[in-house]
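Data from model-v1.cif: mmCIF, C-alpha atoms and all ligand atoms
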data_run
loop_
_atom_site.label_atom_id
_atom_site.label_comp_id
_atom_site.auth_asym_id
_atom_site.auth_seq_id
_atom_site.Cartn_x
_atom_site.Cartn_y
_atom_site.Cartn_z
CA MET B 7 -77.92 5.07 2.41
CA GLY B 8 -76.43 7.51 4.94
CA ASP B 9 -73.37 9.67 4.37
CA SER B 10 -71.29 7.32 6.56
CA ASP B 11 -71.79 4.53 3.96
CA ARG B 12 -70.18 6.55 1.20
CA ILE B 13 -66.79 5.39 -0.09
CA PRO B 14 -64.02 7.97 0.51
CA VAL B 15 -62.21 9.06 -2.64
CA GLY B 16 -59.17 11.22 -3.27
CA ILE B 17 -58.16 13.30 -6.29
CA ILE B 18 -54.49 13.97 -6.97
CA GLY B 19 -54.19 16.85 -9.42
CA ALA B 20 -57.40 18.42 -8.13
CA SER B 21 -56.45 21.91 -9.30
CA GLY B 22 -56.37 20.92 -12.99
CA TYR B 23 -59.22 20.77 -15.48
CA GLY B 24 -59.58 17.01 -15.06
CA GLY B 25 -59.48 17.46 -11.30
CA VAL B 26 -62.21 20.07 -11.22
CA GLN B 27 -64.52 17.97 -13.43
CA LEU B 28 -63.99 15.11 -10.99
CA VAL B 29 -64.78 17.34 -8.02
CA ARG B 30 -67.92 18.67 -9.70
CA LEU B 31 -69.17 15.22 -10.72
CA LEU B 32 -68.24 13.41 -7.51
CA LEU B 33 -69.93 16.05 -5.32
CA ASP B 34 -73.20 14.75 -6.79
CA HIS B 35 -72.28 11.05 -6.88
CA PRO B 36 -74.52 9.12 -4.47
CA ARG B 37 -71.99 6.47 -3.40
CA VAL B 38 -68.79 8.44 -2.70
CA GLU B 39 -67.52 11.37 -0.67
CA ILE B 40 -64.44 13.44 -1.47
CA ALA B 41 -61.94 12.89 1.34
CA TYR B 42 -58.76 14.35 -0.10
CA LEU B 43 -57.66 16.78 -2.81
CA GLY B 44 -53.97 16.84 -3.68
CA GLY B 45 -51.74 19.04 -5.78
CA ASP B 46 -48.31 20.45 -6.27
CA SER B 47 -48.11 24.25 -6.65
CA SER B 48 -51.71 24.55 -5.37
CA ALA B 49 -51.03 22.64 -2.13
CA GLY B 50 -52.08 24.64 0.91
CA ARG B 51 -54.59 26.79 -0.97
CA PRO B 52 -58.31 26.55 -0.21
CA TYR B 53 -60.12 24.94 -3.13
CA ALA B 54 -62.41 27.98 -3.16
CA ASP B 55 -59.39 30.13 -4.16
CA LEU B 56 -58.86 27.99 -7.26
CA TYR B 57 -62.53 27.49 -8.15
CA PRO B 58 -64.68 30.04 -6.29
CA HIS B 59 -67.91 28.72 -7.84
CA LEU B 60 -67.46 25.46 -5.88
CA GLY B 61 -66.31 27.07 -2.62
CA HIS B 62 -69.67 26.73 -0.88
CA ARG B 63 -69.74 22.98 -1.56
CA PHE B 64 -66.09 22.27 -0.91
CA PRO B 65 -64.38 24.57 1.64
CA GLN B 66 -61.33 22.32 2.26
CA ALA B 67 -57.78 23.11 1.07
CA VAL B 68 -55.62 21.29 -1.46
CA GLU B 69 -53.04 19.16 0.35
CA PRO B 70 -49.52 18.01 -0.49
CA ILE B 71 -49.19 14.50 -1.91
CA ASP B 72 -48.49 12.05 0.94
CA LEU B 73 -49.27 8.43 0.10
CA ASP B 74 -49.70 7.30 3.72
CA ALA B 75 -52.13 10.11 4.43
CA ILE B 76 -54.06 9.48 1.20
CA ALA B 77 -54.34 5.73 1.78
CA ALA B 78 -55.41 6.26 5.40
CA ARG B 79 -58.34 8.34 4.19
CA CYS B 80 -59.26 7.07 0.71
CA GLU B 81 -60.34 3.73 -0.76
CA ILE B 82 -60.34 5.10 -4.29
CA VAL B 83 -57.83 7.52 -5.81
CA PHE B 84 -58.07 9.41 -9.12
CA LEU B 85 -54.90 10.89 -10.58
CA GLY B 86 -55.13 13.81 -13.01
CA LEU B 87 -51.45 14.61 -13.49
CA PRO B 88 -49.29 15.29 -16.54
CA HIS B 89 -47.95 12.05 -17.98
CA GLY B 90 -44.81 10.66 -16.35
CA LEU B 91 -45.87 11.39 -12.74
CA ALA B 92 -48.55 8.80 -11.97
CA TYR B 93 -46.24 5.82 -12.33
CA GLU B 94 -44.14 7.15 -9.43
CA LEU B 95 -47.20 7.18 -7.16
CA VAL B 96 -49.47 4.35 -8.30
CA PRO B 97 -47.46 1.32 -7.09
CA GLY B 98 -47.41 2.83 -3.57
CA LEU B 99 -51.16 3.49 -3.66
CA LEU B 100 -51.89 -0.08 -4.80
CA GLU B 101 -49.59 -1.51 -2.10
CA ARG B 102 -51.53 0.47 0.47
CA GLY B 103 -54.80 -1.05 -0.75
CA CYS B 104 -56.27 1.78 -2.85
CA ARG B 105 -58.11 1.35 -6.14
CA VAL B 106 -56.62 3.66 -8.75
CA PHE B 107 -58.02 5.44 -11.81
CA ASP B 108 -55.31 7.30 -13.71
CA LEU B 109 -56.25 9.96 -16.26
CA SER B 110 -52.76 10.22 -17.76
CA ALA B 111 -51.07 8.05 -20.37
CA ASP B 112 -48.94 6.19 -17.83
CA TYR B 113 -51.09 3.06 -17.66
CA ARG B 114 -52.62 2.98 -21.14
CA PHE B 115 -49.89 0.88 -22.74
CA GLN B 116 -49.60 -2.86 -22.23
CA ASN B 117 -46.17 -2.75 -23.82
CA LEU B 118 -44.02 -0.18 -22.03
CA ASP B 119 -41.63 0.02 -24.99
CA ASP B 120 -44.47 1.69 -26.91
CA TYR B 121 -45.00 4.12 -24.02
CA THR B 122 -41.29 4.92 -23.90
CA ALA B 123 -41.20 5.50 -27.67
CA ALA B 124 -44.18 7.89 -27.51
CA TYR B 125 -43.36 9.73 -24.29
CA SER B 126 -39.53 9.45 -24.08
CA ILE B 127 -39.80 8.21 -20.50
CA ASP B 128 -38.00 5.04 -19.48
CA ARG B 129 -40.11 2.78 -17.30
CA ARG B 130 -39.23 -0.29 -15.29
CA ASP B 131 -42.55 -0.95 -13.55
CA ARG B 132 -43.57 -3.62 -16.07
CA GLU B 133 -45.52 -5.75 -13.64
CA VAL B 134 -47.75 -2.93 -12.39
CA ALA B 135 -48.25 -1.60 -15.93
CA ALA B 136 -49.23 -5.08 -17.15
CA SER B 137 -51.87 -5.30 -14.42
CA ALA B 138 -53.60 -2.13 -15.66
CA VAL B 139 -56.77 -2.26 -17.74
CA TYR B 140 -57.52 0.19 -20.56
CA GLY B 141 -60.50 2.14 -19.28
CA LEU B 142 -62.83 2.26 -22.25
CA PRO B 143 -65.96 0.65 -20.77
CA GLU B 144 -67.78 0.16 -24.08
CA LEU B 145 -65.02 -2.26 -25.13
CA TYR B 146 -63.56 -3.59 -21.88
CA ARG B 147 -66.39 -3.59 -19.37
CA GLY B 148 -65.57 -7.09 -18.09
CA ARG B 149 -61.87 -6.33 -17.56
CA ILE B 150 -62.63 -3.07 -15.75
CA GLU B 151 -64.96 -4.89 -13.36
CA GLU B 152 -62.07 -7.06 -12.21
CA THR B 153 -59.15 -4.69 -11.79
CA ARG B 154 -57.74 -2.33 -9.17
CA LEU B 155 -55.85 -0.17 -11.67
CA VAL B 156 -57.41 1.54 -14.69
CA GLY B 157 -55.46 3.58 -17.23
CA CYS B 158 -58.16 5.86 -18.64
CA PRO B 159 -57.93 6.64 -22.38
CA GLY B 160 -57.09 10.03 -23.85
CA CYS B 161 -59.85 12.12 -25.42
CA TYR B 162 -58.78 11.58 -29.04
CA PRO B 163 -58.50 7.79 -28.60
CA THR B 164 -61.93 7.68 -26.91
CA ALA B 165 -63.71 9.52 -29.73
CA SER B 166 -61.79 7.64 -32.45
CA LEU B 167 -62.11 4.15 -30.99
CA LEU B 168 -65.84 4.43 -30.34
CA ALA B 169 -66.24 5.39 -34.02
CA LEU B 170 -64.00 2.61 -35.31
CA ALA B 171 -64.70 -0.34 -33.01
CA PRO B 172 -67.72 -1.85 -34.81
CA LEU B 173 -65.95 -1.64 -38.20
CA LEU B 174 -62.82 -3.31 -36.82
CA LYS B 175 -64.49 -5.95 -34.68
CA GLN B 176 -66.73 -7.06 -37.54
CA GLY B 177 -63.88 -7.04 -40.09
CA LEU B 178 -65.76 -4.61 -42.35
CA ILE B 179 -62.91 -2.40 -43.59
CA ASP B 180 -59.55 -2.52 -45.36
CA LEU B 181 -57.25 -1.93 -42.42
CA GLU B 182 -54.69 0.16 -44.30
CA THR B 183 -57.30 2.78 -45.25
CA VAL B 184 -58.19 4.24 -41.84
CA VAL B 185 -57.99 8.04 -41.58
CA ILE B 186 -58.96 9.96 -38.44
CA ASP B 187 -59.51 13.69 -38.67
CA ALA B 188 -60.15 15.06 -35.18
CA LYS B 189 -60.86 18.43 -33.61
CA SER B 190 -60.52 19.47 -30.00
CA GLY B 191 -61.39 22.43 -27.81
CA THR B 192 -58.52 24.19 -26.06
CA SER B 193 -59.34 22.73 -22.63
CA GLY B 194 -57.74 19.55 -24.01
CA SER B 195 -54.44 21.17 -23.27
CA GLY B 196 -55.12 21.58 -19.55
CA ARG B 197 -55.22 24.60 -17.23
CA LYS B 198 -51.52 25.34 -17.19
CA ALA B 199 -50.75 28.59 -19.03
CA LYS B 200 -49.45 28.17 -22.60
CA ILE B 201 -49.04 30.92 -25.18
CA GLY B 202 -50.84 28.94 -27.91
CA MET B 203 -53.94 28.71 -25.73
CA LEU B 204 -54.32 32.47 -25.18
CA LEU B 205 -57.60 33.82 -26.60
CA ALA B 206 -55.62 36.04 -28.98
CA GLU B 207 -53.78 33.00 -30.36
CA ALA B 208 -56.48 30.32 -30.42
CA ASP B 209 -59.63 32.31 -31.23
CA SER B 210 -60.93 32.80 -34.82
CA THR B 211 -58.50 30.28 -36.27
CA VAL B 212 -58.16 26.53 -36.85
CA THR B 213 -54.94 24.61 -37.19
CA ALA B 214 -53.69 21.05 -37.36
CA TYR B 215 -50.90 20.03 -34.98
CA GLY B 216 -48.91 16.93 -34.19
CA VAL B 217 -49.32 15.92 -37.85
CA ALA B 218 -47.90 12.43 -38.56
CA GLY B 219 -46.54 12.21 -35.03
CA HIS B 220 -49.08 12.95 -32.31
CA ARG B 221 -48.50 10.77 -29.25
CA HIS B 222 -52.09 9.53 -29.36
CA THR B 223 -51.38 7.71 -32.63
CA PRO B 224 -49.62 4.73 -31.01
CA GLU B 225 -52.34 4.58 -28.33
CA ILE B 226 -55.06 4.45 -31.00
CA GLU B 227 -53.08 1.90 -33.04
CA GLN B 228 -52.53 -0.36 -30.04
CA LEU B 229 -56.27 -0.62 -29.49
CA CYS B 230 -57.22 -0.79 -33.17
CA SER B 231 -54.76 -3.66 -33.64
CA GLU B 232 -56.30 -5.52 -30.72
CA LEU B 233 -59.82 -5.00 -32.11
CA ALA B 234 -58.80 -5.98 -35.65
CA GLY B 235 -56.78 -8.99 -34.47
CA GLN B 236 -53.71 -7.87 -36.39
CA GLU B 237 -51.20 -5.03 -36.39
CA MET B 238 -52.45 -1.95 -38.16
CA ARG B 239 -51.70 1.72 -38.58
CA VAL B 240 -53.99 4.75 -38.76
CA GLN B 241 -53.52 8.23 -40.23
CA PHE B 242 -54.44 10.54 -37.35
CA THR B 243 -54.50 14.35 -37.55
CA PRO B 244 -55.67 16.46 -34.59
CA HIS B 245 -56.85 20.07 -34.95
CA LEU B 246 -57.24 22.82 -32.39
CA MET B 247 -60.63 24.56 -32.56
CA PRO B 248 -61.59 27.98 -31.24
CA MET B 249 -63.89 26.53 -28.58
CA VAL B 250 -63.36 25.54 -24.96
CA ARG B 251 -64.95 22.13 -24.63
CA GLY B 252 -65.67 19.35 -27.04
CA MET B 253 -64.21 16.99 -29.58
CA LEU B 254 -65.30 15.71 -32.97
CA ALA B 255 -63.49 12.82 -34.64
CA THR B 256 -64.42 12.00 -38.23
CA VAL B 257 -63.18 8.58 -39.29
CA TYR B 258 -62.88 7.34 -42.88
CA ALA B 259 -62.25 3.77 -44.01
CA LYS B 260 -62.81 1.75 -47.20
CA LEU B 261 -65.50 -0.91 -46.82
CA ARG B 262 -64.55 -4.43 -47.89
CA ASP B 263 -68.07 -5.08 -49.16
CA PRO B 264 -69.05 -2.44 -51.77
CA GLY B 265 -72.68 -3.43 -51.35
CA LEU B 266 -72.99 -2.08 -47.80
CA VAL B 267 -75.15 1.02 -47.38
CA ARG B 268 -75.76 3.45 -44.55
CA GLU B 269 -78.72 1.48 -43.16
CA ASP B 270 -76.54 -1.66 -42.86
CA LEU B 271 -73.96 0.21 -40.83
CA LEU B 272 -76.61 1.84 -38.67
CA THR B 273 -77.94 -1.59 -37.79
CA ILE B 274 -74.44 -2.89 -37.05
CA TYR B 275 -73.62 0.13 -34.84
CA SER B 276 -76.95 0.01 -33.01
CA VAL B 277 -76.48 -3.67 -32.19
CA PHE B 278 -72.82 -3.18 -31.19
CA TYR B 279 -73.71 -0.43 -28.72
CA ARG B 280 -77.10 -1.74 -27.57
CA SER B 281 -75.81 -2.24 -23.99
CA SER B 282 -73.80 0.99 -23.84
CA PRO B 283 -75.89 3.66 -22.15
CA PHE B 284 -73.52 6.50 -23.04
CA VAL B 285 -73.29 5.83 -26.78
CA ARG B 286 -76.07 7.23 -28.93
CA VAL B 287 -76.10 6.06 -32.55
CA LEU B 288 -77.94 8.76 -34.48
CA PRO B 289 -80.62 7.79 -37.00
CA ASN B 290 -80.37 8.12 -40.79
CA GLY B 291 -78.44 11.13 -42.00
CA ILE B 292 -78.11 12.92 -38.66
CA TYR B 293 -74.57 13.99 -37.82
CA PRO B 294 -73.41 14.89 -34.31
CA GLN B 295 -72.42 18.26 -32.93
CA THR B 296 -69.96 18.77 -30.09
CA LYS B 297 -72.55 21.00 -28.41
CA TRP B 298 -74.85 18.02 -27.87
CA ALA B 299 -72.18 16.13 -25.94
CA ALA B 300 -70.80 19.10 -23.99
CA THR B 301 -70.99 18.65 -20.18
CA THR B 302 -72.16 15.04 -20.60
CA ASN B 303 -70.54 11.62 -20.53
CA SER B 304 -72.25 10.74 -23.81
CA CYS B 305 -70.77 9.96 -27.21
CA TYR B 306 -72.92 10.77 -30.26
CA LEU B 307 -72.14 8.75 -33.39
CA GLY B 308 -73.26 9.61 -36.92
CA VAL B 309 -72.80 6.97 -39.62
CA GLU B 310 -72.60 7.42 -43.39
CA VAL B 311 -71.50 5.51 -46.51
CA ASP B 312 -70.33 7.29 -49.66
CA PRO B 313 -71.44 4.99 -52.52
CA ARG B 314 -69.07 6.77 -54.95
CA THR B 315 -65.92 5.90 -52.97
CA GLY B 316 -67.11 2.87 -51.01
CA ARG B 317 -65.96 4.51 -47.80
CA ALA B 318 -67.59 4.44 -44.38
CA ILE B 319 -67.57 7.83 -42.67
CA VAL B 320 -68.26 7.86 -38.95
CA MET B 321 -68.49 11.04 -36.87
CA SER B 322 -68.00 10.88 -33.11
CA ALA B 323 -68.69 13.78 -30.74
CA ILE B 324 -67.73 13.80 -27.07
CA ASP B 325 -66.87 16.24 -24.32
CA ASN B 326 -63.08 15.93 -24.10
CA LEU B 327 -63.11 16.65 -20.36
CA ILE B 328 -65.93 14.24 -19.47
CA LYS B 329 -66.33 11.19 -21.76
CA GLY B 330 -62.77 11.93 -22.90
CA GLN B 331 -61.37 12.11 -19.38
CA SER B 332 -63.01 12.53 -15.94
CA GLY B 333 -66.48 11.11 -16.65
CA GLN B 334 -65.00 8.04 -18.24
CA ALA B 335 -62.87 7.51 -15.11
CA ILE B 336 -66.03 7.70 -12.99
CA GLN B 337 -67.80 5.29 -15.36
CA CYS B 338 -64.87 2.91 -14.81
CA MET B 339 -65.10 3.39 -11.04
CA ASN B 340 -68.82 2.56 -11.14
CA LEU B 341 -68.06 -0.69 -12.99
CA ALA B 342 -65.09 -1.62 -10.80
CA MET B 343 -67.21 -1.07 -7.68
CA GLY B 344 -70.15 -3.08 -9.04
CA TRP B 345 -72.40 -0.01 -9.15
CA GLU B 346 -74.74 1.01 -11.94
CA GLU B 347 -72.56 2.23 -14.83
CA THR B 348 -74.37 5.56 -15.20
CA LEU B 349 -74.31 6.54 -11.51
CA GLY B 350 -73.52 10.24 -11.00
CA LEU B 351 -72.87 10.86 -14.68
CA PRO B 352 -74.78 13.26 -16.97
CA LEU B 353 -76.33 11.64 -20.06
CA LEU B 354 -77.95 14.77 -21.53
CA GLY B 355 -76.60 18.28 -21.93
CA PHE B 356 -78.31 21.63 -22.26
CA TYR B 357 -78.78 23.35 -25.61
CA PRO B 358 -77.51 25.64 -27.01
N1 LIG B 401 -57.65 18.01 -20.77
C1 LIG B 401 -58.12 16.99 -21.46
O1 LIG B 401 -59.01 17.13 -22.31
C2 LIG B 401 -57.61 15.62 -21.20
C3 LIG B 401 -56.50 15.38 -20.41
N2 LIG B 401 -56.08 14.11 -20.18
C4 LIG B 401 -54.93 13.85 -19.31
O2 LIG B 401 -55.34 14.03 -17.95
C5 LIG B 401 -54.23 14.49 -17.18
C6 LIG B 401 -54.61 15.79 -16.49
O3 LIG B 401 -54.90 16.74 -17.50
P1 LIG B 401 -55.52 18.17 -17.17
O4 LIG B 401 -56.47 18.07 -16.05
O5 LIG B 401 -55.98 18.71 -18.46
O6 LIG B 401 -54.19 18.94 -16.69
P2 LIG B 401 -54.00 20.34 -15.98
O7 LIG B 401 -52.77 20.96 -16.52
O8 LIG B 401 -55.26 21.14 -16.02
O9 LIG B 401 -53.72 19.92 -14.45
C7 LIG B 401 -52.56 19.24 -14.09
C8 LIG B 401 -52.59 18.89 -12.61
O10 LIG B 401 -51.37 18.18 -12.31
C9 LIG B 401 -50.78 18.75 -11.15
N3 LIG B 401 -49.33 18.68 -11.26
C10 LIG B 401 -48.57 19.23 -12.23
N4 LIG B 401 -47.25 18.95 -11.99
C11 LIG B 401 -47.22 18.22 -10.85
C12 LIG B 401 -46.17 17.64 -10.08
N5 LIG B 401 -44.90 17.76 -10.44
N6 LIG B 401 -46.51 16.94 -8.97
C13 LIG B 401 -47.80 16.82 -8.61
N7 LIG B 401 -48.83 17.38 -9.27
C14 LIG B 401 -48.54 18.05 -10.38
C15 LIG B 401 -51.25 20.19 -11.12
O11 LIG B 401 -51.20 20.59 -9.75
P3 LIG B 401 -50.82 22.10 -9.26
O12 LIG B 401 -51.76 23.00 -9.98
O13 LIG B 401 -51.10 21.99 -7.82
O14 LIG B 401 -49.39 22.32 -9.59
C16 LIG B 401 -52.68 20.08 -11.68
O15 LIG B 401 -53.57 19.74 -10.64
C17 LIG B 401 -53.06 14.63 -18.14
O16 LIG B 401 -52.27 13.48 -18.12
C18 LIG B 401 -53.75 14.79 -19.48
O17 LIG B 401 -52.93 14.39 -20.54
C19 LIG B 401 -56.74 13.05 -20.72
C20 LIG B 401 -57.82 13.21 -21.52
C21 LIG B 401 -58.33 14.52 -21.84
C1 LIG B 402 -55.95 20.38 -27.45
C2 LIG B 402 -54.85 19.55 -26.85
O1 LIG B 402 -53.75 20.02 -26.64
N1 LIG B 402 -55.13 18.28 -26.57
C3 LIG B 402 -54.20 17.36 -26.00
C4 LIG B 402 -54.85 16.03 -25.77
C5 LIG B 402 -55.32 15.87 -24.37
C6 LIG B 402 -55.43 14.43 -23.94
O2 LIG B 402 -56.21 13.63 -24.36
O3 LIG B 402 -54.56 14.08 -23.04
P1 LIG B 402 -53.66 12.77 -22.99
O4 LIG B 402 -52.33 13.17 -23.49
O5 LIG B 402 -53.65 12.40 -21.57
O6 LIG B 402 -54.22 11.67 -23.74
C7 LIG B 402 -53.01 17.14 -26.92
O7 LIG B 402 -53.15 17.14 -28.13
O8 LIG B 402 -51.96 16.81 -26.38
#
Structure rendered as structure tokens:
Amino acid sequence: MGDSDRIPVGIIGASGYGGVQLVRLLLDHPRVEIAYLGGDSSAGRPYADLYPHLGHRFPQAVEPIDLDAIAARCEIVFLGLPHGLAYELVPGLLERGCRVFDLSADYRFQNLDDYTAAYSIDRRDREVAASAVYGLPELYRGRIEETRLVGCPGCYPTASLLALAPLLKQGLIDLETVVIDAKSGTSGSGRKAKIGMLLAEADSTVTAYGVAGHRHTPEIEQLCSELAGQEMRVQFTPHLMPMVRGMLATVYAKLRDPGLVREDLLTIYSVFYRSSPFVRVLPNGIYPQTKWAATTNSCYLGVEVDPRTGRAIVMSAIDNLIKGQSGQAIQCMNLAMGWEETLGLPLLGFYP
């Protein structure tokens, strides 16, 4: 196909870490062309000023956010903004005929009361929010194919839910026993300067944060409850790691059947994800590393059973900025547009 057949896309929040992953990935996507980059404090600056390594491929400047101008130029719009901003823009983009993929939390909650409780932002756009689909393709491929608005999951929910989904869907675990211990690189906090993300603060140390109250807990619980078919809670603890990119979630849950062994779970996981090109269930006794998933849209799952405790232990490694954010949004776009799911997305990284 010629360049004129490519679908024009826009990125609002192009100066951020999510935005620059989108730019990098979409520059090599065979079915789209980048027609607009938008931002706030970066508006007016050439993109090459913000990211000099991409300047030769993308000489244009970041523009202010103007819905009429965006809709006149773009069929598809990605938003990579802090939570609480997208919902002011998305209804206008949909009214103007755009398809929207939001990277923030604004469209991840079916019940806006849960969003308000987690984010302390009052919302009245119930109808638009109810029309949004949760953008985790491995679980909701069919829904994503039929929507114009996708609320893409956070990185912790992505890693956790891919680890838990087979156990929940098959009714294999005691629901009150789920523990998620997760670790993230510092890029999870975005490009905006924060003291805690300085090298001197975050290097050579590991710490938990958001203990018993991280805002991803209700997002994870909403989806787990849907998969389990009943309300449930999880114990979720995130940790900040001295690395830039990557996420590892280790999930523990008590198996209902004490006779299940690792090989049983491996079979169950392999069947569950047999049509999911980005999920790689690792063979017997191999556990994933974040390095394997870095710069890819892949999720590596390691599965174990501890016969002494009767617990399943599932380890899930992703790149927080790709499968946990921008790549997943592109995967959703591919599905919503009827394109091959893997188009323009890296499956394999480089090592080390
Ligand atoms: N980082 C991660 O691992 C993940 C992040 N997410 C979510 O994705 C979204 C983007 O995150 P990330 O890319 O890390 O964030 P960054 O902090 O790196 O970037 C934020 C972007 O939002 C823009 N922005 C900030 N304030 C405003 C405003 N008032 N009006 C318009 N634009 C504004 C900034 O523009 P400018 O620079 O021009 O001011 C910048 O482009 C967030 O909702 C985040 O929670 C989801 C999963 C993983
Ligand atoms: C290391 C770090 O700070 N990580 C972020 C998670 C980033 C993310 O997934 O963003 P959403 O809020 O859009 O889901 C945090 O814990 O808030």
Option closest in space to ligand LIG 401 (chain B), from B:Gly90, B:Pro14, B:Pro97, B:Pro52 [counting only C-alpha atoms and all ligand atoms]: B:Gly90
Environment of ligand LIG 401 (chain B) within 7 Å, counting only C-alpha atoms and all ligand atoms, reported as number ranges by chain: B: 18-25, 45-49, 86-89, 91, 109-111, 159-161, 193-198, 326-327, 330-331
Using all atoms listed in the file, which protein or nucleic acid residues come within 8 Å of segment 65-67 of chain B? Drop anything in the same chain fewer than 3 positions from it, and give the result as a PDB file with C-alpha atoms, in the coordinates of the input.
ATOM      1  CA  LEU B  43     -57.660  16.780  -2.810  1.00  0.00           C
ATOM      2  CA  ALA B  49     -51.030  22.640  -2.130  1.00  0.00           C
ATOM      3  CA  GLY B  50     -52.080  24.640   0.910  1.00  0.00           C
ATOM      4  CA  ARG B  51     -54.590  26.790  -0.970  1.00  0.00           C
ATOM      5  CA  PRO B  52     -58.310  26.550  -0.210  1.00  0.00           C
ATOM      6  CA  TYR B  53     -60.120  24.940  -3.130  1.00  0.00           C
ATOM      7  CA  ALA B  54     -62.410  27.980  -3.160  1.00  0.00           C
ATOM      8  CA  GLY B  61     -66.310  27.070  -2.620  1.00  0.00           C
ATOM      9  CA  HIS B  62     -69.670  26.730  -0.880  1.00  0.00           C
TER      10      HIS B  62
END
Test item: which residues lie within 6 Å of (-63.6, 29.5, -35.5) counting all atoms listed in the file, as an MDAnalysis selection string: chainID B and resid 210:211 248
Distance query Ala255 of chain B at most 10 Å, all atoms listed in the file, self and fewer than 3 positions along chain excluded, as a ChimeraX atom specification: /B:161-169,186-190,242-245,258,296,307,320-324
Taking C-alpha atoms for each residue, export the selection above as a PDB file, in the coordinates of the input.
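Once everything was written out, this is out-v1.pdb:
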ATOM      1  CA  CYS B 161     -59.850  12.120 -25.420  1.00  0.00           C
ATOM      2  CA  TYR B 162     -58.780  11.580 -29.040  1.00  0.00           C
ATOM      3  CA  PRO B 163     -58.500   7.790 -28.600  1.00  0.00           C
ATOM      4  CA  THR B 164     -61.930   7.680 -26.910  1.00  0.00           C
ATOM      5  CA  ALA B 165     -63.710   9.520 -29.730  1.00  0.00           C
ATOM      6  CA  SER B 166     -61.790   7.640 -32.450  1.00  0.00           C
ATOM      7  CA  LEU B 167     -62.110   4.150 -30.990  1.00  0.00           C
ATOM      8  CA  LEU B 168     -65.840   4.430 -30.340  1.00  0.00           C
ATOM      9  CA  ALA B 169     -66.240   5.390 -34.020  1.00  0.00           C
ATOM     10  CA  ILE B 186     -58.960   9.960 -38.440  1.00  0.00           C
ATOM     11  CA  ASP B 187     -59.510  13.690 -38.670  1.00  0.00           C
ATOM     12  CA  ALA B 188     -60.150  15.060 -35.180  1.00  0.00           C
ATOM     13  CA  LYS B 189     -60.860  18.430 -33.610  1.00  0.00           C
ATOM     14  CA  SER B 190     -60.520  19.470 -30.000  1.00  0.00           C
ATOM     15  CA  PHE B 242     -54.440  10.540 -37.350  1.00  0.00           C
ATOM     16  CA  THR B 243     -54.500  14.350 -37.550  1.00  0.00           C
ATOM     17  CA  PRO B 244     -55.670  16.460 -34.590  1.00  0.00           C
ATOM     18  CA  HIS B 245     -56.850  20.070 -34.950  1.00  0.00           C
ATOM     19  CA  TYR B 258     -62.880   7.340 -42.880  1.00  0.00           C
ATOM     20  CA  THR B 296     -69.960  18.770 -30.090  1.00  0.00           C
ATOM     21  CA  LEU B 307     -72.140   8.750 -33.390  1.00  0.00           C
ATOM     22  CA  VAL B 320     -68.260   7.860 -38.950  1.00  0.00           C
ATOM     23  CA  MET B 321     -68.490  11.040 -36.870  1.00  0.00           C
ATOM     24  CA  SER B 322     -68.000  10.880 -33.110  1.00  0.00           C
ATOM     25  CA  ALA B 323     -68.690  13.780 -30.740  1.00  0.00           C
ATOM     26  CA  ILE B 324     -67.730  13.800 -27.070  1.00  0.00           C
TER      27      ILE B 324
END
Because the input lacks atoms here, generate N, CA and C atoms for segment 213-222 of chain B and report them as a CSV table (one decimal), keeping the file's coordinate frame.
chain,number,residue,atom,x,y,z
B,213,THR,N,-56.2,25.1,-36.7
B,213,THR,CA,-54.9,24.6,-37.2
B,213,THR,C,-54.8,23.1,-36.8
B,214,ALA,N,-54.1,22.4,-37.7
B,214,ALA,CA,-53.7,21.0,-37.4
B,214,ALA,C,-52.4,21.1,-36.5
B,215,TYR,N,-52.2,20.1,-35.7
B,215,TYR,CA,-50.9,20.0,-35.0
B,215,TYR,C,-50.6,18.6,-34.8
B,216,GLY,N,-49.3,18.3,-34.4
B,216,GLY,CA,-48.9,16.9,-34.2
B,216,GLY,C,-49.1,16.1,-35.4
B,217,VAL,N,-49.0,16.7,-36.6
B,217,VAL,CA,-49.3,15.9,-37.8
B,217,VAL,C,-48.3,14.8,-38.0
B,218,ALA,N,-48.8,13.6,-38.3
B,218,ALA,CA,-47.9,12.4,-38.6
B,218,ALA,C,-47.0,12.2,-37.4
B,219,GLY,N,-47.4,12.5,-36.2
B,219,GLY,CA,-46.5,12.2,-35.0
B,219,GLY,C,-47.2,12.5,-33.7
B,220,HIS,N,-48.5,12.7,-33.6
B,220,HIS,CA,-49.1,13.0,-32.3
B,220,HIS,C,-49.0,11.7,-31.4
B,221,ARG,N,-48.7,11.9,-30.1
B,221,ARG,CA,-48.5,10.8,-29.2
B,221,ARG,C,-49.8,9.9,-29.0
B,222,HIS,N,-50.9,10.4,-29.4
B,222,HIS,CA,-52.1,9.5,-29.4
B,222,HIS,C,-52.1,8.5,-30.5
